[in-house]
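Asker: Dropping a structure here in structure tokens format, bear with me for questions.
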Amino acid sequence: MRYLDQVRAPEQHYSQTQKVLFTVGALMLGISLGIFSKYLDYRQAELPDFLMLIDGALDIHNFLGTFAPWIVLAVFLSVKSSSSVRAGINVFVFFAGMVASYYWYSSFVAGFFPKSYAMIWAGFTVLSPFLAFFCWYAKGKGWLSFIISAGILGFMINSTISYGMWYADIRSWLHLLTLILGIIVIVLNKSVKETACLLAAAIPAAVLLDILIPFGF
């Protein structure tokens, strides 16, 4: 832990009340987005006019069914937390709230429970605090921070872009926006040189992650 504190030290200017409020906010955000996501998916043909127009133009309900938006939100919650431990707590309650509310709505309102997908998201929720713990150090300094940051950007690239030897295709405009926001979260307050090096390292990191994790997100 002493070495990790040299990468990024816990921030002491937050009060205990602020830390608790941040965690409660993360939980409420997860619950709200989980219900909203399932509502869009289930009521797709019966949405209010303005929501139907937006969903028809941007395909939001399918977008929220992918990993990309949730990963960016989780990374944001992680790096904005006061410490790596708080990052794990905040991201865990976010995913727990989102997954629980999504499948609660699916079971008790929509009358359908997709067990296989639920198990995937439950497994990811269990892993999320450990991943968030290390993601917090992406805003630190040194080689470990650089590797973590490049890995996060590489994962975001794989979540938002379909690519092969001779092609690259953004999955949607919302995915492009997600990638841009993710890059901003990671490189904010870094120097131009650090940013350029990170973006350059993110591409081989994405390829390596695609080999190690050969299924789509």
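Residues in the structure tokens are numbered from 1 in each chain, the chains being A, B, ... in the order shown, and ligands are numbered from 1 in the order shown.
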Which polymer residues have any atom within 12 Å of an atom of Leu153 in chain A, counting only C-alpha atoms, with same-chain residues fewer than 5 positions away left out, as an NGL selection string?

Answerer: :A and (68 or 71-72 or 75 or 135 or 138 or 146-148 or 158-161 or 178-187 or 195 or 197-207 or 209)

Asker: Any chance you could tabulate, as JSON lines, the residues of range 82-138 of chain A at most 6 Å from range 10-23 of chain A with each one's nearest atom pair and distance in Å to one decimal, using only C-alpha atoms, in chain and rising number order?

Answerer:
{"residue": "A:Ser82", "atom": "CA", "partner": "A:Glu11", "partner_atom": "CA", "distance": 5.1}
{"residue": "A:Ser83", "atom": "CA", "partner": "A:Pro10", "partner_atom": "CA", "distance": 4.6}
{"residue": "A:Asn90", "atom": "CA", "partner": "A:Thr23", "partner_atom": "CA", "distance": 5.1}

Asker: Keeping only N, CA and C atoms, take the residues you just selected and write them out as a PDB file, in the first residue's frame.

Answerer:
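Once written, result_9.pdb looks like this:
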ATOM      1  N   SER A  82     -12.540   9.428  -3.214  1.00  0.00           N
ATOM      2  CA  SER A  82     -11.479   9.989  -2.378  1.00  0.00           C
ATOM      3  C   SER A  82     -10.310   9.040  -2.165  1.00  0.00           C
ATOM      4  N   SER A  83     -10.516   7.752  -2.387  1.00  0.00           N
ATOM      5  CA  SER A  83      -9.442   6.772  -2.212  1.00  0.00           C
ATOM      6  C   SER A  83      -9.769   5.533  -3.036  1.00  0.00           C
ATOM      7  N   ASN A  90     -17.891   2.638  -4.048  1.00  0.00           N
ATOM      8  CA  ASN A  90     -18.802   3.446  -4.865  1.00  0.00           C
ATOM      9  C   ASN A  90     -19.200   2.741  -6.156  1.00  0.00           C
TER      10      ASN A  90
END

Asker: If I take CA of Pro129 in chain A and CA of Ala87 in chain A, how far is one from the other in Å, to one decimal?

Answerer: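 Taking CA of Pro129 in chain A as the start and CA of Ala87 in chain A as the end point, the length is 7.2 Å.
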
Asker: State, in Å with one decimal place, the distance from CA of Ser128 in chain A to CA of Val85 in chain A.

Answerer: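 Between CA of Ser128 in chain A and CA of Val85 in chain A the gap works out to 11.9 Å.
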
Asker: With distances taken over only C-alpha atoms, which of A:His175, A:Lys141, A:Val7, A:Gly151 is nearest to Lys190 in chain A?

Answerer: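 Nearest candidate to Lys190 in chain A out of A:His175, A:Lys141, A:Val7, A:Gly151: A:Lys141.
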
Asker: By how many Å are CA of Val126 in chain A and CA of Met98 in chain A apart?

Answerer: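 For CA of Val126 in chain A relative to CA of Met98 in chain A, the distance reads 12.9 Å.
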
Asker: Which of these residues is nearest to Phe76 in chain A, using only C-alpha atoms: A:Gly154, A:Arg8, A:Trp136, A:His61?

Answerer: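 Counting only C-alpha atoms, the residue closest to Phe76 in chain A is A:Trp136.
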
Asker: Pick out the closest residue to Ser149 in chain A from this set: A:Leu127, A:Ile170, A:Val79, A:Leu212. Count only C-alpha atoms.

Answerer: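 Among the listed residues, the smallest separation from Ser149 in chain A belongs to A:Val79.
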
Asker: Which residue is closest to Phe134 in chain A? Choose from A:Leu188, A:Ala110, A:Val91, A:Ala100 and count only C-alpha atoms.

Answerer: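 The closest residue to Phe134 in chain A is A:Val91.
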
Asker: List every residue of chain A that DSSP, applied to the backbone of this structure, assigns to helix (DSSP H, G or I), and report them as a ChimeraX atom specification.

Answerer: /A:2-7,16-42,44-46,49-58,60-63,68-79,84-108,115-139,143-160,173-187,192-212
